[in-house]
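Worksheet: one structure, shown below.
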Amino acid sequence: MDLLNTLVDKGLRRELPTREEALAVLATSDDELLDVVAAAGKVRRQWFGRRVKLNYLVNLKSGLCPEDCSYCSQRLGSKAEILKYTWLKPDEASRAAAAGVAGGAKRVCLVASGRGPTDRDVARVGETIAAIKEQNEGVEVCACLGLLSDGQAEKLRDAGADAYNHNLNTSEATYGQITKTHTYADRVDTVQKAHAAGLSACSGLIAGMGESDEDLVDVVFSLRELDSDSVPVNFLIPFEGTPLAKEWNLTPQRCLRILAMVRFVCPDVEVRIAGGREVHLRSMQPLALHIANSIFLGDYLTSEGQAGQADLDMIADAGFEVEGAGTTTLPAHRADAAEAAAAAHAGGVCGSAAGSGGCGPAADAEAPGCGSACGGCSGHAPAQEAPAQAAPAQAEPGEVRPDLVAVRRRGAGTDLAPNA
């Protein structure tokens, strides 16, 4: 296909596709699917080889959120029967993180429900970061605490955080249909604050909320403009008890096309398969590794994923390798820019936000980068070994399918062992 050849050439040059080309990827037929995966795989291998980065989520505070995000099982008014608990102590969080690191995770993502942290919360998370890094040499720590106030990103950086996650989730045009208690602009502002503080910015999306192809392209182009280092792609987990419980709009083929479009638009950033991959990709998860270079290991924030050992077996069986702790994830041009920016911020040289012409990490002017996230409210946490289950049948739009969504009952916030 001329389209795919063009997209591969652009991806190898870090050149932005046109909106029409991105939309055309989403419009390809199932007969063309393997060609799409193969083309995206060429771009993925150019910048990341056959490495797969493992990330591990620890849910520091579960439920009890005052925000009304329709997709979230922790939202205000949610009737989902999830675990609810307040802040884990630093030693509890460190023990939870150690399970993921033992399973091969390079990055630990510390997530807390809520609109945003107080300064006391930031200090508490700083103590947790210190405890994790003391016990796990070389581990990256990403914080995901909601909307940031002025100065909080700098405090997290000074406490040892390497990255900050805040997802855009969907397009600006449709954001108000998903959430009323904060705005799309609020989310952009937080990503920019993280960038300006010298943190590696992580921002992504949630697919499957009833959005159009145009919405998906809009949000991914916005993520590229924000120039974050990683982009998590979440697939909606329709929790019973939330407004989107009947939104079963995804097939494995649709998920692969979405991932491919993200890779073509954001060729040289960490594209992470995040929440919902087991529910929606199912037996096609190994194919997705040819597009994305990063996954979460084990369970999510409030739902269960497949066993960590199954993830490791899948990676090996598909011919990929787990990225080692001593390996730099990002390509050299992005890693060097990020390191220089962090050093400049640490020295008090710059305070400009991403995209303002300041010292935020960026590719060349013709090819700005993209963004990543930790999995948001579909995210991960530790868990106990579960019995093997047959792949679920495809749900139909309009159905509520609690049988396809297992609520997390193990790992962080419980007395049961994690499944990493």
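Chain identifiers are assigned as A, B, and so on, following the order in which chains appear in the structure tokens; residues are numbered from 1 within each chain, and ligands are numbered from 1 in order of appearance.
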Within 7 Å of Leu199 of chain A, counting only C-alpha atoms, which residues qualify if same-chain residues fewer than 3 places away don't, as an NGL selection string? :A and (157 or 162-164 or 194-195 or 342)
With N, CA and C atoms kept, could you save the residues just selected as a short mmCIF file (atom, residue, chain, number, x, y, z; two decimals), in the first residue's frame?
```cif
data_model
loop_
_atom_site.label_atom_id
_atom_site.label_comp_id
_atom_site.auth_asym_id
_atom_site.auth_seq_id
_atom_site.Cartn_x
_atom_site.Cartn_y
_atom_site.Cartn_z
N ARG A 157 10.06 16.40 41.58
CA ARG A 157 11.38 16.19 40.96
C ARG A 157 12.46 16.17 42.03
N ASP A 162 11.04 10.68 38.55
CA ASP A 162 11.64 10.77 37.22
C ASP A 162 10.63 11.27 36.19
N ALA A 163 9.36 11.01 36.42
CA ALA A 163 8.34 11.31 35.42
C ALA A 163 7.02 11.65 36.10
N TYR A 164 6.14 12.29 35.33
CA TYR A 164 4.78 12.56 35.81
C TYR A 164 3.79 12.19 34.72
N ALA A 194 4.71 19.59 34.38
CA ALA A 194 5.68 18.51 34.55
C ALA A 194 6.88 18.72 33.65
N HIS A 195 6.62 19.07 32.39
CA HIS A 195 7.70 19.35 31.44
C HIS A 195 8.58 20.49 31.94
N ALA A 342 16.60 18.21 31.96
CA ALA A 342 16.53 17.95 33.40
C ALA A 342 17.69 18.63 34.12
#
```
Where in segment 157-344 of chain A does DSSP assign alpha helix (DSSP H), given as a PyMOL selection string? chain A and resi 157-158+175-178+184-196+213-226+252-265+277-280+285-288+308-317+332-344
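The coordinates place atom CA of Met261 of chain A at 8.1 Å from atom CA of Ala40 of chain A.
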Taking only C-alpha atoms into account, which of A:Leu147, A:Ala338, A:Ala39, A:Leu287 comes nearest Gly319 of chain A? A:Leu287
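Residue nearest Tyr71 of chain A within the list A:Val231, A:Ala93, A:Leu236, A:Leu83: A:Leu236 [criterion: smallest interatomic distance, only C-alpha atoms].
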Please produce, as a tab-separated table, a per-residue contact table for segment 189-240 of chain A versus segment 8-30 of chain A (criterion: any atom at most 8 Å away, only C-alpha atoms considered), showing the nearest atom pair and its distance in Å to one decimal, sorted by chain then residue number.
```
residue	atom	partner	partner_atom	distance
A:Asp213	CA	A:Leu23	CA	6.5
A:Glu214	CA	A:Leu23	CA	7.0
A:Val217	CA	A:Ala22	CA	6.6
```
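The residue set within 12 Å of Thr327 of chain A, counting only C-alpha atoms and dropping same-chain residues fewer than 5 places from it, reads Phe48, Gly49, Arg51, Val52, Lys53, Lys106, Gly138, Val139, Glu140, Glu321, Val322, Ala332 and Ala335 of chain A.
Remark: for Val36 of chain A, the closest of the candidate residues A:Leu64, A:Leu281, A:Leu256, A:Leu54 is A:Leu256 (distances computed over only C-alpha atoms).
Separating atom CA of Ala341 of chain A from atom CA of Gly198 of chain A is a distance of 6.0 Å.
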Across A:Leu244, A:Cys72, A:Ala97, A:Ala343, the smallest distance to Lys133 of chain A, with only C-alpha atoms counted, is shown by A:Ala97
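Distance annotation: of A:Ala340, A:Val58, A:Ala80, A:Ala105, the residue with the minimal separation from Asp311 of chain A is A:Ala105; atom set is only C-alpha atoms.
Residues with any atom within 8 Å of Gly63 of chain A, counting only C-alpha atoms and excluding same-chain neighbours fewer than 5 positions away, are Ser73, Gln74, Arg75, Ile82, Leu83, Lys84, Tyr85 and Ser113 of chain A.
Remark: for Asp31 of chain A, the closest of the candidate residues A:Gln135, A:Gln253, A:Thr414, A:Thr181 is A:Gln253 (distances computed over only C-alpha atoms).
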Near Lys61 of chain A, within 12 Å and counting only C-alpha atoms, which residues show up once chain neighbours fewer than 6 positions away are dropped, as JSON, numbers by chain? {"A": [74, 82, 83, 84, 85, 86, 87, 88, 89, 90, 92, 93, 110, 111, 112, 113, 114, 117, 121, 124, 125, 144, 145, 146, 301, 302, 377, 381, 412, 413]}
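Taking only C-alpha atoms, the non-local environment of Ala102 of chain A within 12 Å (same-chain residues fewer than 5 positions away omitted) comprises Leu54, Asn55, Tyr56, Arg95, Ala96, Ala97, Arg107, Val108, Gln135, Asn136, Glu137, Val139, Leu297, Gly298, Gly308, Gln309, Ala325, Pro382, Pro418, Asn419 and Ala420 of chain A.
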Keeping only all heavy atoms, write those residues as a compact mmCIF listing (two decimals), in the first residue's frame.
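In the end it all went to result30.txt:
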```txt
# COMPACT_ATOMS: atom_id res chain seq x y z
N LEU A 54 8.87 -2.86 30.81
CA LEU A 54 7.83 -3.25 31.76
C LEU A 54 7.63 -2.16 32.80
O LEU A 54 8.59 -1.61 33.34
CB LEU A 54 8.20 -4.56 32.46
CG LEU A 54 8.38 -5.78 31.56
CD1 LEU A 54 8.70 -7.01 32.41
CD2 LEU A 54 7.14 -6.03 30.70
N ASN A 55 6.38 -1.85 33.07
CA ASN A 55 5.99 -0.84 34.06
C ASN A 55 5.06 -1.49 35.07
O ASN A 55 4.36 -2.45 34.76
CB ASN A 55 5.27 0.32 33.38
CG ASN A 55 6.05 0.88 32.21
OD1 ASN A 55 6.80 1.82 32.34
ND2 ASN A 55 5.87 0.29 31.02
N TYR A 56 5.05 -0.94 36.27
CA TYR A 56 4.25 -1.56 37.34
C TYR A 56 3.50 -0.48 38.11
O TYR A 56 4.10 0.51 38.55
CB TYR A 56 5.16 -2.33 38.29
CG TYR A 56 4.44 -3.24 39.24
CD1 TYR A 56 3.75 -4.35 38.77
CD2 TYR A 56 4.48 -3.01 40.61
CE1 TYR A 56 3.10 -5.20 39.66
CE2 TYR A 56 3.84 -3.85 41.48
CZ TYR A 56 3.15 -4.95 41.01
OH TYR A 56 2.51 -5.79 41.88
N ARG A 95 6.94 -2.11 49.41
CA ARG A 95 6.81 -3.57 49.30
C ARG A 95 6.00 -3.94 48.05
O ARG A 95 6.32 -4.89 47.35
CB ARG A 95 6.15 -4.15 50.55
CG ARG A 95 7.06 -4.21 51.77
CD ARG A 95 6.49 -5.15 52.84
NE ARG A 95 5.19 -4.71 53.31
CZ ARG A 95 5.00 -3.86 54.31
NH1 ARG A 95 6.05 -3.32 54.92
NH2 ARG A 95 3.78 -3.54 54.71
N ALA A 96 4.95 -3.15 47.79
CA ALA A 96 4.15 -3.41 46.60
C ALA A 96 4.98 -3.20 45.34
O ALA A 96 4.93 -3.99 44.39
CB ALA A 96 2.92 -2.49 46.58
N ALA A 97 5.78 -2.13 45.32
CA ALA A 97 6.61 -1.84 44.15
C ALA A 97 7.65 -2.93 43.93
O ALA A 97 7.97 -3.27 42.78
CB ALA A 97 7.29 -0.49 44.34
N ARG A 107 10.06 0.65 35.59
CA ARG A 107 9.41 1.86 36.11
C ARG A 107 8.27 1.48 37.02
O ARG A 107 7.47 0.58 36.71
CB ARG A 107 8.90 2.73 34.97
CG ARG A 107 8.06 3.92 35.43
CD ARG A 107 7.70 4.87 34.31
NE ARG A 107 8.87 5.64 33.86
CZ ARG A 107 8.79 6.67 33.02
NH1 ARG A 107 7.62 7.04 32.52
NH2 ARG A 107 9.89 7.31 32.67
N VAL A 108 8.17 2.17 38.15
CA VAL A 108 7.05 2.02 39.07
C VAL A 108 6.21 3.28 38.97
O VAL A 108 6.73 4.40 39.10
CB VAL A 108 7.53 1.80 40.52
CG1 VAL A 108 6.36 1.85 41.49
CG2 VAL A 108 8.28 0.48 40.64
N GLN A 135 15.28 0.88 48.25
CA GLN A 135 15.23 -0.58 48.22
C GLN A 135 15.39 -1.16 46.82
O GLN A 135 15.61 -2.36 46.67
CB GLN A 135 13.89 -1.06 48.81
CG GLN A 135 13.72 -0.72 50.28
CD GLN A 135 12.44 -1.29 50.86
OE1 GLN A 135 11.92 -2.28 50.38
NE2 GLN A 135 11.92 -0.65 51.90
N ASN A 136 15.27 -0.32 45.78
CA ASN A 136 15.32 -0.81 44.41
C ASN A 136 16.22 0.10 43.58
O ASN A 136 15.76 1.07 42.97
CB ASN A 136 13.91 -0.85 43.81
CG ASN A 136 12.95 -1.70 44.59
OD1 ASN A 136 12.94 -2.92 44.48
ND2 ASN A 136 12.13 -1.05 45.41
N GLU A 137 17.49 -0.23 43.56
CA GLU A 137 18.47 0.62 42.89
C GLU A 137 18.18 0.74 41.40
O GLU A 137 17.94 -0.26 40.71
CB GLU A 137 19.88 0.05 43.10
CG GLU A 137 20.97 0.92 42.52
CD GLU A 137 22.36 0.36 42.79
OE1 GLU A 137 22.44 -0.67 43.50
OE2 GLU A 137 23.33 0.93 42.29
N VAL A 139 15.63 1.99 39.79
CA VAL A 139 14.25 1.97 39.31
C VAL A 139 13.79 3.39 38.99
O VAL A 139 14.17 4.36 39.66
CB VAL A 139 13.31 1.32 40.35
CG1 VAL A 139 13.13 2.21 41.58
CG2 VAL A 139 11.95 1.00 39.73
N LEU A 297 2.82 -4.51 33.75
CA LEU A 297 2.97 -5.87 34.21
C LEU A 297 1.96 -6.15 35.31
O LEU A 297 1.84 -5.37 36.26
CB LEU A 297 4.39 -6.06 34.75
CG LEU A 297 4.77 -7.43 35.31
CD1 LEU A 297 4.98 -8.41 34.16
CD2 LEU A 297 6.05 -7.32 36.15
N GLY A 298 1.21 -7.25 35.18
CA GLY A 298 0.32 -7.66 36.26
C GLY A 298 -1.02 -6.97 36.25
O GLY A 298 -1.57 -6.65 35.20
N GLY A 308 1.59 -11.91 35.85
CA GLY A 308 2.86 -11.37 35.38
C GLY A 308 3.69 -12.38 34.62
O GLY A 308 4.32 -12.03 33.61
N GLN A 309 3.71 -13.62 35.04
CA GLN A 309 4.47 -14.64 34.33
C GLN A 309 3.92 -14.87 32.93
O GLN A 309 4.68 -15.12 31.98
CB GLN A 309 4.48 -15.96 35.10
CG GLN A 309 5.40 -17.01 34.51
CD GLN A 309 6.84 -16.55 34.43
OE1 GLN A 309 7.42 -16.10 35.42
NE2 GLN A 309 7.45 -16.64 33.25
N ALA A 325 17.51 -3.06 33.03
CA ALA A 325 17.58 -1.85 33.86
C ALA A 325 18.66 -0.90 33.38
O ALA A 325 18.55 0.32 33.55
CB ALA A 325 17.82 -2.23 35.32
N PRO A 382 -0.40 -4.75 42.22
CA PRO A 382 0.01 -6.13 42.41
C PRO A 382 -1.14 -7.12 42.62
O PRO A 382 -2.23 -6.71 42.93
CB PRO A 382 0.88 -6.07 43.67
CG PRO A 382 0.80 -4.68 44.18
CD PRO A 382 0.01 -3.86 43.25
N PRO A 418 0.65 -9.99 45.20
CA PRO A 418 0.42 -9.52 43.83
C PRO A 418 0.63 -10.62 42.81
O PRO A 418 1.14 -11.69 43.13
CB PRO A 418 1.47 -8.42 43.68
CG PRO A 418 2.59 -8.86 44.56
CD PRO A 418 1.92 -9.49 45.75
N ASN A 419 0.26 -10.34 41.56
CA ASN A 419 0.42 -11.36 40.53
C ASN A 419 1.57 -11.05 39.59
O ASN A 419 1.71 -11.67 38.55
CB ASN A 419 -0.86 -11.52 39.71
CG ASN A 419 -1.09 -10.37 38.74
OD1 ASN A 419 -0.58 -9.28 38.92
ND2 ASN A 419 -1.89 -10.62 37.70
N ALA A 420 2.42 -10.09 39.92
CA ALA A 420 3.55 -9.75 39.06
C ALA A 420 4.64 -10.82 39.18
O ALA A 420 4.74 -11.49 40.20
CB ALA A 420 4.12 -8.40 39.43
```
Might you pull out every residue within 8 Å of Val191 of chain A, with only C-alpha atoms counted and same-chain residues fewer than 6 positions away left off, and present them as a ChimeraX atom specification? /A:164-166,201-203,226
